[in-house]
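Engineer: Dropping the structure in here first, questions after.
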Amino acid sequence: MNWLQRRIRPEQIREFSLLLLIIVAILIFGSLIEGYYTSRTFNRVASSVAIITVVAVGQTLVVLTRSIDLSVGSIVGCTAYFVGAQIAAHNDLSPILAIVMAVALGACMGTINGTIVAWGRVPPIIVTLGTLAIYRGILVDYSGAKTVTTDSLPTWLIDLPQLTLLTVGGIDIRAMVALALVIVLVFQFATSYLNIGRRLYAIGSNPDAAYLIGLPVQRIVFTAFVLSGALAGLAGFMTLARFGNITVENGRGLELQVVAAVVVGGVNIFGGSGTVTGAMLGAVLIGTLEQSLFRLQISPFWLDALLGLLILLAVASDAIILQRLRALWARTELRLVAKPRASGQVQDEPPPQSAH
């Protein structure tokens, strides 16, 4: 048990079981869909997973602080349409400027969410449910019921989803997939080793204690929402590149997929535990289900129902199974600390003095 405890934490059990579930799902779909094990299937799933992963990383930062951002789908839709409209009107717009524009617009929307939640003290689910509708309404008004079409976009943007950085075992690793992996690595490192990451976990574990020890709780929560909006903006640009034809409906329902990816990936909906890597694994499962059910010609409404079921199962397992495992790990750690004293190994304490 001691050997196991040093190597595996309770939160990692969800990630291991999720990885096993992904393998099982791939095997099942491979037996049902002809030609499933091809590079084409991998690229379709990977393109879907890349977008969900980027948004899920930002959502993870928010959820770690005991908050939630339900507006990410609308932010993705707004940034995809706005940047697409600007590029369509100015085909000479540089790729870097287009990406910066998308990230900046998403960050501005995240700033609105973060300001109201952190300093307005309004519950995040109420704030982001409201901005979900507001941002979508702004998009509908701005678009004028028009569509950004592929033929109005420059060649570099149309070719971007097929841009291959390297080939491994006959499978192309494309630029958008590589970008998603880099974002996961950066934020996994930041949440694991930097002060800002430890503070996110501290706030989510016990907000009152975080206030008492002097952590800038409001500023950190605000920062989490800004980063969530910025990453959703980047995902909006990726959505534009992937689909080309952008309407006011793009990004609708994405928030359900993202929340499912985060929660199924082991991030506690009540904050304080979970990893960015787990959220990525959750996104892989969601993307695999989405593309595989589409290949089986199953209604997307069943995908939504399945996502809801996965969320319920993940929350229930976290409340029942993982909570008990955490308690077991804590009791074992206490016994490891108390064992040297019980066996008389602590000999540095001076003998008790007689009272006169």
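Identifiers for the structure tokens are assigned positionally: chains receive A, B, ... in sequence, residues are indexed from 1 per chain, and ligands are indexed from 1 in the order shown.
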Show me, as a list in words, the residues that have an atom within 10 Å of A:Val248 when counting only C-alpha atoms, minus same-chain residues fewer than 3 positions from it.
Structural biologist: Ser74, Gly77, Cys78, Ala80, Tyr81, Arg136, Gly137, Ile138, Leu139, Val140, Asp141, Tyr142, Ser143, Gly144, Ala145, Lys146, Thr147, Val148, Gly251 and Arg252 of chain A
Engineer: For the strand (DSSP E) assignment from backbone DSSP, which residues of stretch 130-356 of chain A qualify? Please present them as a PDB file with C-alpha atoms, in the first residue's frame.
Structural biologist:
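out39.pdb was written with the following content:
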ATOM      1  CA  THR A 164       1.063  18.677 -41.201  1.00  0.00           C
ATOM      2  CA  LEU A 165       4.015  19.208 -38.878  1.00  0.00           C
ATOM      3  CA  LEU A 166       5.262  15.614 -38.819  1.00  0.00           C
ATOM      4  CA  THR A 167       4.193  12.074 -39.602  1.00  0.00           C
ATOM      5  CA  VAL A 168       4.421   9.298 -37.002  1.00  0.00           C
ATOM      6  CA  ILE A 171      -0.360   9.196 -39.067  1.00  0.00           C
ATOM      7  CA  ASP A 172      -0.126  12.920 -39.756  1.00  0.00           C
ATOM      8  CA  ILE A 173       0.208  15.190 -36.715  1.00  0.00           C
ATOM      9  CA  ARG A 174      -1.443  18.384 -37.859  1.00  0.00           C
TER      10      ARG A 174
END
Engineer: Counting only C-alpha atoms, which residue out of A:Gly278, A:Gly244, A:Gly58, A:Gly229 sits closest to A:Gly266?
Structural biologist: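 The shortest atom-to-atom distance to A:Gly266 comes from A:Gly278.
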Engineer: So, with only C-alpha atoms as the atoms that count, which of A:Ala235, A:Ile28, A:Leu64, A:Val262 lies closest to A:Ala202?
Structural biologist: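 Residue with the minimum atom-to-atom distance to A:Ala202: A:Leu64.
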Engineer: For the helix (DSSP H, G or I) assignment from backbone DSSP, which residues of stretch 86-192 of chain A qualify? Please present them as a VMD selection string.
Structural biologist: chain A and resid 86 to 89 95 to 118 124 to 143 150 to 152 155 to 162 175 to 192
Engineer: For stretch 219-290 of chain A versus stretch 83-106 of chain A, which residues have an atom no more than 12 Å away, and what is each residue's nearest atom pair and distance in Å rounded to one decimal, using only C-alpha atoms, chain-then-number order, as CSV?
Structural biologist:
residue,atom,partner,partner_atom,distance
A:Phe225,CA,A:Gly106,CA,10.2
A:Val226,CA,A:Gly106,CA,8.0
A:Leu227,CA,A:Gly106,CA,8.7
A:Ser228,CA,A:Gly106,CA,8.2
A:Gly229,CA,A:Gly106,CA,4.6
A:Ala230,CA,A:Gly106,CA,4.5
A:Leu231,CA,A:Val103,CA,6.7
A:Ala232,CA,A:Gly106,CA,6.1
A:Gly233,CA,A:Gly106,CA,4.1
A:Leu234,CA,A:Val103,CA,5.1
A:Ala235,CA,A:Ala102,CA,8.5
A:Gly236,CA,A:Ala102,CA,6.9
A:Phe237,CA,A:Ala102,CA,6.1
A:Met238,CA,A:Ile99,CA,9.0
A:Thr239,CA,A:Gly84,CA,9.9
A:Leu240,CA,A:Gly84,CA,6.5
A:Ala241,CA,A:Gly84,CA,8.9
A:Arg242,CA,A:Gly84,CA,11.7
A:Phe243,CA,A:Gly84,CA,10.8
A:Gly244,CA,A:Gly84,CA,8.2
A:Asn245,CA,A:Gly84,CA,9.0
A:Ile246,CA,A:Gly84,CA,7.6
A:Thr247,CA,A:Gly84,CA,10.1
A:Val248,CA,A:Gly84,CA,11.8
A:Asn250,CA,A:Gly84,CA,12.0
Engineer: Could the residues in this selection be saved with N, CA and C atoms as a JSON list (two decimals), in the first residue's frame?
Structural biologist:
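part.json written:
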[["chain", "number", "residue", "atom", "x", "y", "z"],
["A", 225, "PHE", "N", -11.11, 33.30, -15.33],
["A", 225, "PHE", "CA", -12.16, 33.57, -16.33],
["A", 225, "PHE", "C", -11.59, 34.25, -17.58],
["A", 226, "VAL", "N", -10.61, 35.13, -17.40],
["A", 226, "VAL", "CA", -9.99, 35.78, -18.55],
["A", 226, "VAL", "C", -9.26, 34.75, -19.42],
["A", 227, "LEU", "N", -8.52, 33.83, -18.77],
["A", 227, "LEU", "CA", -7.83, 32.79, -19.51],
["A", 227, "LEU", "C", -8.81, 31.85, -20.20],
["A", 228, "SER", "N", -9.92, 31.54, -19.52],
["A", 228, "SER", "CA", -10.94, 30.69, -20.14],
["A", 228, "SER", "C", -11.51, 31.36, -21.39],
["A", 229, "GLY", "N", -11.78, 32.66, -21.31],
["A", 229, "GLY", "CA", -12.29, 33.37, -22.47],
["A", 229, "GLY", "C", -11.27, 33.44, -23.60],
["A", 230, "ALA", "N", -9.99, 33.68, -23.23],
["A", 230, "ALA", "CA", -8.94, 33.77, -24.25],
["A", 230, "ALA", "C", -8.77, 32.44, -24.98],
["A", 231, "LEU", "N", -8.78, 31.33, -24.25],
["A", 231, "LEU", "CA", -8.64, 30.02, -24.89],
["A", 231, "LEU", "C", -9.88, 29.68, -25.72],
["A", 232, "ALA", "N", -11.05, 30.11, -25.27],
["A", 232, "ALA", "CA", -12.27, 29.92, -26.08],
["A", 232, "ALA", "C", -12.17, 30.74, -27.36],
["A", 233, "GLY", "N", -11.56, 31.93, -27.27],
["A", 233, "GLY", "CA", -11.35, 32.74, -28.48],
["A", 233, "GLY", "C", -10.42, 32.05, -29.45],
["A", 234, "LEU", "N", -9.34, 31.45, -28.92],
["A", 234, "LEU", "CA", -8.43, 30.70, -29.79],
["A", 234, "LEU", "C", -9.15, 29.53, -30.43],
["A", 235, "ALA", "N", -10.02, 28.85, -29.66],
["A", 235, "ALA", "CA", -10.81, 27.75, -30.21],
["A", 235, "ALA", "C", -11.78, 28.25, -31.28],
["A", 236, "GLY", "N", -12.23, 29.51, -31.15],
["A", 236, "GLY", "CA", -13.08, 30.09, -32.19],
["A", 236, "GLY", "C", -12.33, 30.22, -33.51],
["A", 237, "PHE", "N", -11.08, 30.65, -33.43],
["A", 237, "PHE", "CA", -10.27, 30.71, -34.65],
["A", 237, "PHE", "C", -10.06, 29.32, -35.24],
["A", 238, "MET", "N", -9.82, 28.33, -34.38],
["A", 238, "MET", "CA", -9.64, 26.96, -34.85],
["A", 238, "MET", "C", -10.92, 26.43, -35.49],
["A", 239, "THR", "N", -12.06, 26.82, -34.94],
["A", 239, "THR", "CA", -13.36, 26.43, -35.53],
["A", 239, "THR", "C", -13.53, 27.04, -36.91],
["A", 240, "LEU", "N", -13.15, 28.31, -37.04],
["A", 240, "LEU", "CA", -13.21, 28.98, -38.35],
["A", 240, "LEU", "C", -12.34, 28.25, -39.37],
["A", 241, "ALA", "N", -11.12, 27.88, -38.96],
["A", 241, "ALA", "CA", -10.21, 27.20, -39.88],
["A", 241, "ALA", "C", -10.74, 25.82, -40.25],
["A", 242, "ARG", "N", -11.35, 25.13, -39.29],
["A", 242, "ARG", "CA", -11.78, 23.76, -39.54],
["A", 242, "ARG", "C", -13.00, 23.69, -40.46],
["A", 243, "PHE", "N", -13.98, 24.57, -40.23],
["A", 243, "PHE", "CA", -15.25, 24.47, -40.96],
["A", 243, "PHE", "C", -15.36, 25.44, -42.13],
["A", 244, "GLY", "N", -14.78, 26.61, -42.03],
["A", 244, "GLY", "CA", -14.85, 27.57, -43.12],
["A", 244, "GLY", "C", -16.18, 28.28, -43.20],
["A", 245, "ASN", "N", -17.26, 27.54, -43.35],
["A", 245, "ASN", "CA", -18.60, 28.13, -43.37],
["A", 245, "ASN", "C", -19.07, 28.35, -41.93],
["A", 246, "ILE", "N", -19.22, 29.60, -41.52],
["A", 246, "ILE", "CA", -19.56, 29.94, -40.14],
["A", 246, "ILE", "C", -20.90, 30.66, -40.10],
["A", 247, "THR", "N", -21.80, 30.15, -39.27],
["A", 247, "THR", "CA", -23.10, 30.78, -39.05],
["A", 247, "THR", "C", -23.22, 31.15, -37.57],
["A", 248, "VAL", "N", -24.36, 31.71, -37.21],
["A", 248, "VAL", "CA", -24.59, 32.08, -35.81],
["A", 248, "VAL", "C", -24.77, 30.86, -34.92],
["A", 250, "ASN", "N", -22.69, 28.23, -34.86],
["A", 250, "ASN", "CA", -21.41, 27.61, -34.51],
["A", 250, "ASN", "C", -21.11, 27.78, -33.02]]
Engineer: Grab the atom CA of A:Pro300 to atom CA of A:Tyr135 distance for me, in Å with one decimal place.
Structural biologist: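 The value is 23.9 Å.
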Engineer: Do you know which residues are at most 10 Å from A:Ile112 counting only C-alpha atoms, after dropping those on the same chain fewer than 2 positions away, and could you put them as a ChimeraX atom specification?
Structural biologist: /A:107-110,114-117,127-128,131,222,225-226,229
Engineer: From the list A:Ser47, A:Thr223, A:Gln257, A:Gln12, which residue is nearest A:Thr111 when using only C-alpha atoms?
Structural biologist: A:Thr223
Engineer: Quote the spacing between atom CA of A:Ile68 and atom CA of A:Ile125 in Å to one decimal place.
Structural biologist: 6.1 Å
Engineer: For each of A:Leu27, A:Ile183, A:Val177, A:Ile286, take the minimum atom-to-atom distance to A:Leu303, counting only C-alpha atoms, then give the residue where this is smallest.
Structural biologist: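 Closest to A:Leu303, using only C-alpha atoms: A:Ile286.
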Engineer: Expressed in Å to a single decimal, how great is the separation between atom CA of A:Val184 and atom CA of A:Gly73?
Structural biologist: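 Separation of atom CA of A:Val184 and atom CA of A:Gly73: 19.5 Å.
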Engineer: Hey, what's within 9 Å of A:Ala224 if we count only C-alpha atoms and toss same-chain stuff fewer than 6 positions away? As a list in words, please?
Structural biologist: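 Everything that qualifies: Gly58, Gln59, Thr60, Leu61, Val62, Val63, Thr65, Gly110, Gly114 and Leu200 of chain A.
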Engineer: Of the residues A:Pro216, A:Gly308, A:Pro207, A:Gly282, which is the one nearest to A:Ile52, using only C-alpha atoms?
Structural biologist: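 The answer is A:Gly282, which sits nearest to A:Ile52.
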